[in-house]
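Participant: I'm passing along target.cif; it holds mmCIF, C-alpha atoms and all ligand atoms.
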data_data
#
loop_
_atom_site.label_atom_id
_atom_site.label_comp_id
_atom_site.auth_asym_id
_atom_site.auth_seq_id
_atom_site.Cartn_x
_atom_site.Cartn_y
_atom_site.Cartn_z
CA MET A 39 137.43 102.56 379.68
CA SER A 40 134.54 100.70 378.03
CA ASP A 41 135.93 97.49 379.53
CA ILE A 42 135.69 98.97 383.04
CA ILE A 43 132.17 100.23 382.32
CA ASP A 44 131.15 96.76 381.10
CA ARG A 45 132.48 95.16 384.30
CA LEU A 46 130.99 97.69 386.72
CA GLU A 47 127.59 98.12 385.08
CA PRO A 48 126.06 94.81 386.31
CA ILE A 49 127.17 95.64 389.87
CA ILE A 50 125.47 99.03 389.73
CA VAL A 51 122.32 97.56 388.17
CA ASP A 52 122.18 94.95 390.93
CA SER A 53 122.72 97.54 393.69
CA THR A 54 120.07 99.82 392.20
CA ILE A 55 117.52 97.01 392.06
CA LYS A 56 118.35 96.00 395.66
CA ALA A 57 117.91 99.59 396.86
CA ARG A 58 114.51 99.77 395.18
CA GLY A 59 113.55 96.54 396.94
CA THR A 60 109.83 95.87 397.01
CA SER A 61 108.93 99.57 397.13
CA VAL A 62 107.19 99.45 393.74
CA THR A 63 104.73 96.79 394.93
CA LYS A 64 103.72 99.13 397.75
CA ARG A 65 102.70 102.02 395.52
CA ARG A 66 99.61 103.77 396.85
CA ARG A 67 96.51 103.57 394.68
CA ARG A 68 96.15 107.12 393.41
CA ASN A 69 93.22 108.93 391.86
CA PRO A 70 93.84 108.27 388.14
CA THR A 71 91.96 111.41 387.08
CA LYS A 72 94.29 113.78 389.01
CA PRO A 73 97.90 114.47 388.01
CA SER A 74 100.67 113.23 390.34
CA ALA A 75 101.67 116.86 390.85
CA LYS A 76 101.17 120.29 389.33
CA TRP A 77 102.50 123.71 390.14
CA ILE A 78 102.72 127.22 388.74
CA ALA A 79 105.79 129.42 389.03
CA PRO A 80 107.40 132.45 387.38
CA ALA A 81 109.71 131.30 384.62
CA ARG A 82 111.97 132.54 381.92
CA ILE A 83 110.20 132.00 378.60
CA GLY A 84 112.64 132.71 375.79
CA ASN A 85 113.84 136.22 376.58
CA GLU A 86 110.81 137.18 378.66
CA VAL A 87 109.56 136.42 382.15
CA GLY A 88 106.18 134.71 382.31
CA VAL A 89 104.34 131.96 384.12
CA ALA A 90 104.94 128.24 383.72
CA LEU A 91 102.60 125.42 384.56
CA ALA A 92 104.33 122.14 385.32
CA VAL A 93 102.22 119.02 385.33
CA VAL A 94 103.38 115.54 386.26
CA LEU A 95 100.96 113.08 384.69
CA GLY A 96 100.48 109.90 386.68
CA THR A 97 101.31 107.05 384.30
CA ILE A 98 102.56 103.51 384.72
CA GLY A 99 106.06 105.05 385.07
CA CYS A 100 109.43 105.24 383.35
CA SER A 101 110.31 102.24 381.17
CA HIS A 102 113.93 102.35 382.33
CA ALA A 103 112.89 102.11 385.98
CA ARG A 104 110.20 99.49 385.29
CA GLY A 105 112.62 97.26 383.38
CA ASP A 106 115.43 94.95 384.51
CA SER A 107 117.95 97.80 384.77
CA GLY A 108 116.33 99.16 387.95
CA GLY A 109 116.37 102.79 386.76
CA CYS A 110 118.70 105.61 387.70
CA THR A 111 120.63 105.57 390.98
CA MET A 112 119.04 108.79 392.29
CA CYS A 113 115.47 108.50 391.01
CA SER A 114 112.32 107.17 392.64
CA TYR A 115 109.81 108.82 390.32
CA LEU A 116 108.45 105.36 389.57
CA LEU A 117 106.82 105.46 392.99
CA ASP A 118 104.69 108.46 391.85
CA GLY A 119 103.20 106.31 389.10
CA ASP A 120 100.30 103.94 389.04
CA GLU A 121 100.38 100.15 389.20
CA ARG A 122 98.11 100.04 386.15
CA SER A 123 98.06 102.28 383.10
CA PRO A 124 95.39 104.99 383.44
CA THR A 125 92.84 104.97 380.61
CA THR A 126 92.84 107.50 377.77
CA ASP A 127 90.05 109.47 379.45
CA GLU A 128 91.78 109.47 382.83
CA LEU A 129 95.04 110.77 381.36
CA LEU A 130 93.19 113.55 379.55
CA GLN A 131 91.32 114.45 382.73
CA GLN A 132 94.67 114.71 384.54
CA PHE A 133 95.95 117.11 381.92
CA ASP A 134 92.75 119.21 381.85
CA ASP A 135 92.78 119.43 385.64
CA ALA A 136 96.24 121.04 385.51
CA LEU A 137 95.58 123.22 382.47
CA SER A 138 92.56 124.81 384.15
CA ASP A 139 94.97 126.36 386.68
CA LEU A 140 96.14 128.73 383.95
CA ALA A 141 92.65 130.18 383.48
CA ASP A 142 93.48 133.58 385.02
CA GLU A 143 97.05 133.92 383.75
CA SER A 144 98.13 136.07 380.83
CA THR A 145 100.65 135.50 378.09
CA PRO A 146 103.48 134.46 377.86
CA LEU A 147 102.77 131.06 379.35
CA SER A 148 104.81 127.90 379.35
CA VAL A 149 103.47 124.37 379.83
CA LYS A 150 105.84 121.68 381.00
CA ILE A 151 104.63 118.12 380.65
CA TYR A 152 106.36 115.57 382.84
CA THR A 153 105.34 111.96 383.25
CA SER A 154 108.04 110.75 385.66
CA GLY A 155 109.25 109.05 382.49
CA SER A 156 108.81 109.78 378.79
CA PHE A 157 105.90 111.56 377.11
CA PHE A 158 106.86 109.92 373.81
CA ASP A 159 106.90 106.39 375.23
CA THR A 160 103.61 104.96 373.98
CA THR A 161 103.50 102.42 376.82
CA GLU A 162 103.19 105.42 379.15
CA ILE A 163 101.20 107.84 377.01
CA PRO A 164 99.20 106.16 374.24
CA ALA A 165 99.42 107.85 370.83
CA ASP A 166 95.83 109.18 370.90
CA VAL A 167 96.39 110.79 374.32
CA ARG A 168 99.61 112.40 373.11
CA THR A 169 97.87 113.84 370.05
CA LYS A 170 94.90 115.14 372.07
CA ILE A 171 97.10 116.79 374.70
CA LEU A 172 99.13 118.55 372.00
CA ALA A 173 95.89 119.67 370.31
CA ARG A 174 94.56 121.14 373.58
CA ILE A 175 97.74 123.21 373.95
CA ALA A 176 97.59 124.31 370.32
CA LYS A 177 94.17 125.88 370.92
CA ASP A 178 95.51 128.22 373.62
CA GLU A 179 97.25 131.23 372.04
CA ARG A 180 98.66 132.36 375.40
CA ILE A 181 100.93 129.31 375.56
CA GLN A 182 104.14 130.28 373.82
CA GLU A 183 106.43 127.57 375.08
CA VAL A 184 105.99 123.84 375.60
CA VAL A 185 108.50 121.65 377.38
CA ILE A 186 108.09 117.90 377.05
CA GLU A 187 110.16 115.35 378.92
CA SER A 188 111.46 112.19 377.31
CA ARG A 189 114.34 109.77 377.28
CA PRO A 190 116.33 110.22 374.05
CA GLU A 191 115.50 106.81 372.54
CA TYR A 192 111.88 107.94 372.02
CA VAL A 193 112.85 111.08 370.10
CA THR A 194 112.00 109.91 366.58
CA PRO A 195 111.46 111.97 363.40
CA GLU A 196 107.81 110.81 363.36
CA PHE A 197 107.07 112.15 366.86
CA MET A 198 109.00 115.36 366.26
CA ARG A 199 107.12 116.03 363.01
CA GLU A 200 103.77 115.47 364.72
CA THR A 201 104.68 117.73 367.65
CA ARG A 202 105.86 120.55 365.39
CA ASP A 203 102.85 120.23 363.07
CA VAL A 204 100.33 120.39 365.93
CA LEU A 205 102.03 123.10 368.02
CA GLY A 206 102.83 125.36 365.05
CA SER A 207 105.40 128.09 365.60
CA ARG A 208 105.53 127.85 369.42
CA ARG A 209 108.87 127.43 371.11
CA ILE A 210 109.21 123.71 371.86
CA GLU A 211 111.83 122.09 374.03
CA LEU A 212 112.43 118.48 374.90
CA GLY A 213 113.69 117.92 378.41
CA ILE A 214 116.22 115.11 378.23
CA GLY A 215 118.30 113.85 381.15
CA LEU A 216 121.82 113.93 379.81
CA GLU A 217 123.07 114.13 383.42
CA SER A 218 126.77 113.92 382.52
CA SER A 219 128.63 114.17 379.22
CA ASN A 220 130.99 111.50 380.51
CA ASP A 221 129.83 107.99 379.51
CA ALA A 222 131.54 106.39 382.53
CA VAL A 223 129.88 108.78 384.99
CA ARG A 224 126.49 108.40 383.29
CA SER A 225 126.72 104.59 383.24
CA ILE A 226 128.46 103.74 386.48
CA CYS A 227 127.40 106.55 388.81
CA ILE A 228 123.90 107.10 387.40
CA ASN A 229 122.92 103.86 385.60
CA LYS A 230 121.29 106.00 382.95
CA GLY A 231 121.13 103.33 380.28
CA PHE A 232 122.17 105.31 377.19
CA ASN A 233 125.38 106.74 375.81
CA LEU A 234 126.35 110.20 374.61
CA GLY A 235 125.83 109.12 370.98
CA THR A 236 122.11 108.48 371.64
CA PHE A 237 121.76 111.91 373.25
CA LYS A 238 123.55 113.59 370.30
CA ASP A 239 121.23 111.83 367.83
CA SER A 240 118.16 113.04 369.72
CA VAL A 241 119.42 116.65 369.66
CA ALA A 242 120.00 116.40 365.91
CA THR A 243 116.59 114.83 365.24
CA ALA A 244 114.80 117.47 367.31
CA LYS A 245 116.74 120.25 365.56
CA GLU A 246 115.49 119.11 362.16
CA TYR A 247 112.02 120.16 363.31
CA ASP A 248 113.20 123.34 365.00
CA ILE A 249 112.68 121.74 368.40
CA GLY A 250 115.19 122.64 371.07
CA VAL A 251 116.57 120.43 373.80
CA ARG A 252 116.63 121.28 377.47
CA ALA A 253 119.48 119.16 378.80
CA TYR A 254 119.18 118.12 382.43
CA VAL A 255 122.56 118.05 384.09
CA LEU A 256 122.93 116.21 387.39
CA LEU A 257 125.12 117.80 390.03
CA LYS A 258 126.97 115.33 392.21
CA PRO A 259 126.18 111.81 391.10
CA PRO A 260 127.25 109.25 393.72
CA PHE A 261 130.89 108.04 393.83
CA LEU A 262 132.28 111.46 392.83
CA THR A 263 133.98 113.85 395.23
CA GLU A 264 132.61 117.37 395.59
CA ARG A 265 135.39 118.73 393.34
CA ASP A 266 134.98 116.05 390.67
CA ALA A 267 131.22 116.62 390.70
CA LEU A 268 131.75 120.37 390.27
CA LEU A 269 134.14 119.86 387.35
CA ASP A 270 131.92 117.20 385.74
CA ALA A 271 128.88 119.50 385.83
CA ILE A 272 130.76 122.43 384.26
CA LYS A 273 132.22 120.21 381.56
CA THR A 274 128.79 118.70 380.87
CA ILE A 275 127.16 122.13 380.50
CA GLU A 276 129.94 123.19 378.10
CA GLU A 277 129.53 120.00 376.09
CA ALA A 278 125.73 120.35 376.02
CA ALA A 279 126.09 123.92 374.71
CA ARG A 280 128.56 122.71 372.09
CA LEU A 281 126.07 120.07 370.95
CA GLY A 282 123.52 122.83 370.38
CA VAL A 283 121.01 122.39 373.21
CA SER A 284 118.80 125.42 373.78
CA THR A 285 118.67 125.32 377.59
CA VAL A 286 120.53 123.64 380.41
CA SER A 287 118.70 122.80 383.60
CA MET A 288 121.09 121.83 386.33
CA ASN A 289 119.70 119.58 389.03
CA PRO A 290 121.64 119.18 392.25
CA ILE A 291 120.82 115.72 393.62
CA ASN A 292 118.12 115.41 396.22
CA ILE A 293 117.91 112.18 398.16
CA GLN A 294 114.87 110.24 397.01
CA LYS A 295 113.46 107.21 398.77
CA TYR A 296 114.41 103.65 397.84
CA THR A 297 117.36 104.66 395.68
CA LEU A 298 121.00 103.65 395.71
CA VAL A 299 121.86 107.25 396.55
CA GLU A 300 119.64 107.07 399.62
CA ARG A 301 121.35 103.85 400.74
CA LEU A 302 124.79 105.48 400.45
CA TRP A 303 123.53 108.61 402.24
CA ARG A 304 122.16 106.56 405.15
CA LYS A 305 125.58 104.90 405.48
CA GLU A 306 127.19 108.37 405.47
CA GLN A 307 128.95 107.55 402.21
CA TYR A 308 127.21 110.34 400.33
CA ARG A 309 126.45 114.00 400.96
CA PRO A 310 124.31 116.11 398.57
CA PRO A 311 126.27 118.97 397.01
CA TRP A 312 127.10 122.17 398.84
CA LEU A 313 125.10 125.18 397.70
CA TRP A 314 128.49 126.84 397.14
CA THR A 315 129.15 124.14 394.55
CA VAL A 316 125.81 124.84 392.85
CA LEU A 317 126.61 128.55 392.74
CA SER A 318 130.13 127.96 391.53
CA VAL A 319 129.01 125.67 388.66
CA LEU A 320 126.35 128.17 387.57
CA ARG A 321 128.78 131.09 387.61
CA ASP A 322 131.63 129.29 385.83
CA ALA A 323 129.37 127.64 383.26
CA TRP A 324 127.52 130.88 382.57
CA ASN A 325 130.80 132.75 382.07
CA LYS A 326 131.81 130.12 379.54
CA VAL A 327 128.59 129.46 377.60
CA GLY A 328 125.92 131.79 378.98
CA SER A 329 125.78 133.73 375.73
CA SER A 330 124.56 130.66 373.83
CA VAL A 331 122.25 128.85 376.31
CA ASN A 332 120.01 129.70 379.22
CA ILE A 333 121.21 127.95 382.37
CA LEU A 334 118.50 127.20 384.90
CA CYS A 335 118.54 125.73 388.37
CA ASP A 336 115.79 125.25 390.95
CA PRO A 337 117.31 123.05 393.63
CA VAL A 338 114.81 120.65 395.21
CA ALA A 339 114.95 120.39 399.03
CA ALA A 340 117.63 123.13 399.13
CA GLY A 341 118.88 123.82 402.65
CA LYS A 342 117.55 120.47 403.90
CA PRO A 343 119.64 117.40 404.71
CA ARG A 344 118.23 115.59 401.66
CA GLY A 345 118.98 118.47 399.29
CA ALA A 346 121.92 120.72 398.37
CA HIS A 347 122.87 122.54 401.57
CA ASN A 348 125.50 124.61 403.33
CA CYS A 349 125.79 125.40 407.04
CA GLY A 350 122.14 126.26 407.66
CA SER A 351 122.50 130.01 408.18
CA CYS A 352 123.34 131.01 404.60
CA ASP A 353 121.22 128.42 402.75
CA GLU A 354 118.17 130.58 402.25
CA SER A 355 119.98 133.59 400.80
CA ILE A 356 122.02 131.42 398.43
CA THR A 357 118.97 129.45 397.27
CA SER A 358 117.06 132.65 396.49
CA ALA A 359 120.05 134.00 394.58
CA ILE A 360 120.16 130.76 392.54
CA ARG A 361 116.45 131.12 391.70
CA GLU A 362 116.95 134.81 390.87
CA PHE A 363 119.83 133.91 388.57
CA SER A 364 117.68 131.33 386.78
CA ILE A 365 115.04 133.89 385.95
CA HIS A 366 117.27 136.80 384.94
CA GLN A 367 120.50 135.03 383.85
CA ASP A 368 122.50 137.56 385.81
CA VAL A 369 125.55 136.18 387.64
CA SER A 370 126.05 139.40 389.58
CA VAL A 371 123.35 138.19 392.04
CA PHE A 372 126.05 135.92 393.46
CA ASP A 373 128.59 138.70 394.08
CA SER A 374 127.69 139.76 397.61
CA LEU A 375 127.13 136.27 399.04
CA ASP A 376 129.48 135.10 401.74
CA CYS A 377 129.49 133.00 404.91
CA ASP A 378 132.03 131.46 407.28
CA CYS A 379 131.17 128.00 405.92
CA LYS A 380 132.76 128.91 402.60
CA ARG A 381 136.16 128.14 404.17
CA GLN A 382 134.96 124.64 405.08
CA TRP A 383 133.65 124.11 401.55
CA HIS A 384 137.05 125.14 400.14
CA HIS A 385 138.66 122.66 402.50
CA VAL A 386 136.38 119.88 401.20
CA LEU A 387 137.22 120.76 397.60
CA ASN A 388 140.93 120.67 398.30
CA HIS A 389 141.24 117.71 400.67
CA GLU A 390 138.35 115.27 400.13
CA ASP A 391 140.23 113.11 397.60
CA ILE A 392 143.31 112.70 399.75
CA SER A 393 141.26 112.11 402.88
CA LEU A 394 139.23 109.38 401.14
CA LEU A 395 142.48 107.78 400.01
CA ILE A 396 143.95 107.73 403.53
CA HIS A 397 140.74 106.52 405.18
CA SER A 398 140.22 103.73 402.69
CA ARG A 399 143.89 102.69 403.11
CA ASN A 400 143.48 102.64 406.92
CA ARG A 401 140.27 100.67 406.59
CA ARG A 402 142.00 98.11 404.35
CA LYS A 403 144.81 97.79 406.94
CA GLN A 404 142.26 97.24 409.73
CA VAL A 405 140.43 94.62 407.68
CA GLY A 406 143.80 92.95 406.98
CA LYS A 407 144.60 92.77 410.73
CA ALA A 408 141.17 91.39 411.67
S1 LIG B 501 115.78 109.83 386.02
FE1 LIG B 501 114.37 109.69 384.26
S2 LIG B 501 115.20 107.96 383.07
FE2 LIG B 501 116.06 107.78 385.11
S3 LIG B 501 114.67 106.39 386.19
FE3 LIG B 501 114.03 108.50 386.64
S4 LIG B 501 112.44 108.95 385.16
FE4 LIG B 501 113.56 107.15 384.39
ZN ZN B 502 127.07 129.16 405.57
#
Can you dump the structure from the file as structure tokens?
Ligand code: SF4
Ligand SMILES: [Zn+2]
Facilitator:
Amino acid sequence: MSDIIDRLEPIIVDSTIKARGTSVTKRRRRNPTKPSAKWIAPARIGNEVGVALAVVLGTIGCSHARGDSGGCTMCSYLLDGDERSPTTDELLQQFDDALSDLADESTPLSVKIYTSGSFFDTTEIPADVRTKILARIAKDERIQEVVIESRPEYVTPEFMRETRDVLGSRRIELGIGLESSNDAVRSICINKGFNLGTFKDSVATAKEYDIGVRAYVLLKPPFLTERDALLDAIKTIEEAARLGVSTVSMNPINIQKYTLVERLWRKEQYRPPWLWTVLSVLRDAWNKVGSSVNILCDPVAAGKPRGAHNCGSCDESITSAIREFSIHQDVSVFDSLDCDCKRQWHHVLNHEDISLLIHSRNRRKQVGKA
């Protein structure tokens, strides 16, 4: 298998870079004192329901996407970043701007720090900015949970010790994009750039400092059928739970601009997952491991062509049930959901593989005759 991965990887890297094209050079100049995005939403905080602030700091962007590997096949977060690194003061102003939105909220609060990359990558967030942001959170007693996003290679004992020391006894989670527990899927379909061993090491390092890991699981990477994607996501959630992560956040793909996934989608060679698939993964995974991890899902662009969708008439009710499930961890919210399109979804699950096989064989024959 590693031989196949080695042979396919350069092809995927090349295709990912081609899909990105010159988009990065056309990044808009953004206000470096304002975050790229921020929002407040109800959230599950440990075993309670509270309010979470999510802030996306505008940085120079993810090292994996900036480098020669072209980044992940579904991700265009790099385009949210800045063409130059914001200064220390600008980054702190971005964070303060978002934090002030919590002024009228009461405990328990959660703060989620995203950078469209890695908070612990010092080329994105210099060490003094990191320390000052953590110190600002530490001063606010209402904040009981902090979620920090990072690729696993930046999860070092030194950074974990600092984070734990500054934030004290708060619940801390690192959001890490595991995406799939299968190395072939993660490398070839996602171009993630690390193997399962690196993820396992980061979970163990974080655990030493009583820091949990929120594993991001990707639903329906390109090149998988609907059924294979469904099975891969369930298996990944089981594996993540077995490795001891504290939370699983499942992300159904949404089609982002200038990505390989968008190219395939435009050629009608890719469809985002059905909402029935999202629901089915959540229910099956929760039945298997829901007693040991929280399983969350907030599908982006749900019901739209670029996001997980069904037939159009049932999308809204299913999406709200998914969000309800994420807050209360109660699978019974899915019980009464039904729609005529469920039959079509079953058909896709049962026949997509064979239909792809026949169509590709016919296409080969036609090419042979030409
Ligand atoms: S998904 Fe994460 S690791 Fe991959 S390119 Fe985007 S920000 Fe970087
Ligand atoms: Zn429907």
Participant: Quick check, in Å to one decimal: how far apart do atom CA of Ala359 of chain A and atom CA of Arg304 of chain A lie?
Facilitator: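 Distance between the two atoms: 29.5 Å.
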Participant: Name each residue within 7 Å of ligand LIG 501 (chain B), counting all atoms listed in the file, as a list in words.
Facilitator: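 The residues within 7 Å of ligand LIG 501 (chain B), counting all atoms listed in the file, are Cys100, Ser101, His102, Ala103, Gly109, Cys110, Cys113, Ser114, Tyr115, Leu116, Ser154, Gly155, Arg189, Gly215 and Lys230 of chain A.
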Participant: Can you write out the residues you just picked, keeping C-alpha atoms, as a PDB file, keeping the file's coordinate frame?
Facilitator:
ATOM      1  CA  CYS A 100     109.430 105.240 383.350  1.00  0.00           C
ATOM      2  CA  SER A 101     110.310 102.240 381.170  1.00  0.00           C
ATOM      3  CA  HIS A 102     113.930 102.350 382.330  1.00  0.00           C
ATOM      4  CA  ALA A 103     112.890 102.110 385.980  1.00  0.00           C
ATOM      5  CA  GLY A 109     116.370 102.790 386.760  1.00  0.00           C
ATOM      6  CA  CYS A 110     118.700 105.610 387.700  1.00  0.00           C
ATOM      7  CA  CYS A 113     115.470 108.500 391.010  1.00  0.00           C
ATOM      8  CA  SER A 114     112.320 107.170 392.640  1.00  0.00           C
ATOM      9  CA  TYR A 115     109.810 108.820 390.320  1.00  0.00           C
ATOM     10  CA  LEU A 116     108.450 105.360 389.570  1.00  0.00           C
ATOM     11  CA  SER A 154     108.040 110.750 385.660  1.00  0.00           C
ATOM     12  CA  GLY A 155     109.250 109.050 382.490  1.00  0.00           C
ATOM     13  CA  ARG A 189     114.340 109.770 377.280  1.00  0.00           C
ATOM     14  CA  GLY A 215     118.300 113.850 381.150  1.00  0.00           C
ATOM     15  CA  LYS A 230     121.290 106.000 382.950  1.00  0.00           C
TER      16      LYS A 230
END
Participant: Which residue out of A:Thr54, A:Thr263, A:Ser107, A:Ser351 has the minimum interatomic distance to ligand ZN 502 (chain B) when all atoms listed in the file are used?
Facilitator: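 Looking at the shortest contact to ligand ZN 502 (chain B), the residue is A:Ser351.
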Participant: A:Glu200, A:Asp336, A:Glu354, A:Asp221: which is nearest ligand ZN 502 (chain B), counting all atoms listed in the file?
Facilitator: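 The shortest atom-to-atom distance to ligand ZN 502 (chain B) comes from A:Glu354.
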Participant: Identify, counting only C-alpha atoms and all ligand atoms, the protein, DNA and RNA residues located within 9 Å of ligand ZN 502 (chain B), and give them as a PyMOL selection string.
Facilitator: chain A and resi 314+347-353+376-380
Participant: In the coordinates of the file, take the point (127.5, 113.3, 400.7) and a cut-off of 12 Å; then, counting only C-alpha atoms, name each qualifying protein, DNA or RNA residue as a PyMOL selection string.
Facilitator: chain A and resi 257-264+267+290-293+299-312+343-348+386+390
Participant: Produce a table with one row for each residue of segment 96-166 of chain A that has an atom at most 6 Å from any atom of segment 181-186 of chain A, each row naming the nearest atom pair and its distance in Å at one decimal; use all atoms listed in the file; arrange rows by chain and rising residue number; format as CSV.
Facilitator:
residue,atom,partner,partner_atom,distance
A:Pro146,CA,A:Gln182,CA,5.9
A:Leu147,CA,A:Ile181,CA,4.6
A:Ser148,CA,A:Glu183,CA,4.6
A:Val149,CA,A:Val184,CA,5.0
A:Lys150,CA,A:Val185,CA,4.5
A:Ile151,CA,A:Ile186,CA,5.0
Participant: Give me, please, the distance in Å between atom CA of Asp120 of chain A and atom CA of Lys72 of chain A, quoted to one decimal.
Facilitator: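 Taking atom CA of Asp120 of chain A as the start and atom CA of Lys72 of chain A as the end point, the length is 11.5 Å.
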Participant: Go through A:Leu313, A:Val204, A:Thr63, A:Glu211 one by one, measure the shortest atom-to-atom distance of each to Lys177 of chain A using all atoms listed in the file, and give the residue with the smallest value.
Facilitator: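 Looking only at the distances to Lys177 of chain A, the closest residue turns out to be A:Val204.
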Participant: Which residues are near Tyr296 of chain A? Cut-off 7 Å, all atoms listed in the file, ignore same chain within fewer than 2 positions. Put them as a list in words.
Facilitator: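 Answer for this query is Ala57, Arg58, Ser61, Ser114, Gln294, Leu298 and Glu300 of chain A.
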Participant: Go ahead and dump the residues you just picked, C-alpha atoms, as a PDB file, in the coordinates of the input.
Facilitator:
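Result saved to part-v8.pdb:
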ATOM      1  CA  ALA A  57     117.910  99.590 396.860  1.00  0.00           C
ATOM      2  CA  ARG A  58     114.510  99.770 395.180  1.00  0.00           C
ATOM      3  CA  SER A  61     108.930  99.570 397.130  1.00  0.00           C
ATOM      4  CA  SER A 114     112.320 107.170 392.640  1.00  0.00           C
ATOM      5  CA  GLN A 294     114.870 110.240 397.010  1.00  0.00           C
ATOM      6  CA  LEU A 298     121.000 103.650 395.710  1.00  0.00           C
ATOM      7  CA  GLU A 300     119.640 107.070 399.620  1.00  0.00           C
TER       8      GLU A 300
END
